[in-house]
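Written below as structure tokens is the structure these notes are about.
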Amino acid sequence: MERVRVVRLLRVREGREADFVRAYRGVRERSVRFPGHLGEQLCRSMDDSAQWLLTSEWESLEAVKRWRTDPDHTRLVEPMNTCLHDDRWTRVFRVMERAAE
């Protein structure tokens with residue numbers, strides 16, 4: 001199968017950081033048990049504390065599509081999205097090469 005990485009660049013509203021992280025953890029708890037999910041990271045910019053980066057790796061584009069249309073996903077991401085500004089950026093990338101970890 002062809003691995004893919006979802007990359008989301010987000011801006012969290014000031015004062016909503018704790019709510020965002022709490023909501024993210026709820027999404028993460030479900031996504032790690034979802035078929036095809038391989039892992040993820042949540043990062044906060046060291047230059048701009050409002051900017052966050054969320055990445056996740058999946059076995060295939062089909063797995064990402066199944067997750068995005070799953071009723072749990074829709075329900076769980078809503079509280080997270082209320083913490084965000086509208087200028088969000090999301091892309092799905094094909095993993096071309098991997099280095100040893």
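How things are named: the first chain in the structure tokens is A, the next is B, and so on; residues count from 1 in each chain; ligands count from 1 in the order shown.
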Open item on the list: Can you pull out every residue from chain A that DSSP, working from the backbone, puts in helix (DSSP H, G or I), and format the result as a PyMOL selection string?
Closed with: chain A and resi 17-31+61-69+71-81
TODO: Write out as a PyMOL selection string the residues lying within 6 Å of Arg8 of chain A, counting only C-alpha atoms and excluding same-chain residues fewer than 6 positions away.
DONE: chain A and resi 53-54+89-90
Open item on the list: I need the residues in chain A that are strand (DSSP E) according to DSSP; give them as a PyMOL selection string.
Closed with: chain A and resi 4-11+37-44+51-58+89-94
Open item on the list: Using only C-alpha atoms for the distances, tell me which of A:Trp67, A:Leu42, A:His73, A:Ser60 is nearest to Phe20 of chain A.
Closed with: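 Of A:Trp67, A:Leu42, A:His73, A:Ser60, the one nearest Phe20 of chain A, counting only C-alpha atoms, is A:Leu42.
Here the question is which of A:Arg16, A:Asp72, A:Val95, A:Glu57 gets nearest to Glu29 of chain A using only C-alpha atoms, and that residue is A:Asp72.
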TODO: For Val4 of chain A, work out the shell of residues within 9 Å, counting only C-alpha atoms and skipping chain neighbours fewer than 6 positions away, then give it as a count of residues only.
DONE: 12
Task: Exercise: Arg25 of chain A partners within 12 Å, only C-alpha atoms, chain neighbours under 2 positions left out, as a ChimeraX atom specification - done: /A:18-23,27-32,40-42,54,76-77,79-80
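Put simply, atom CA of Val6 of chain A is 20.1 Å away from atom CA of Thr82 of chain A.
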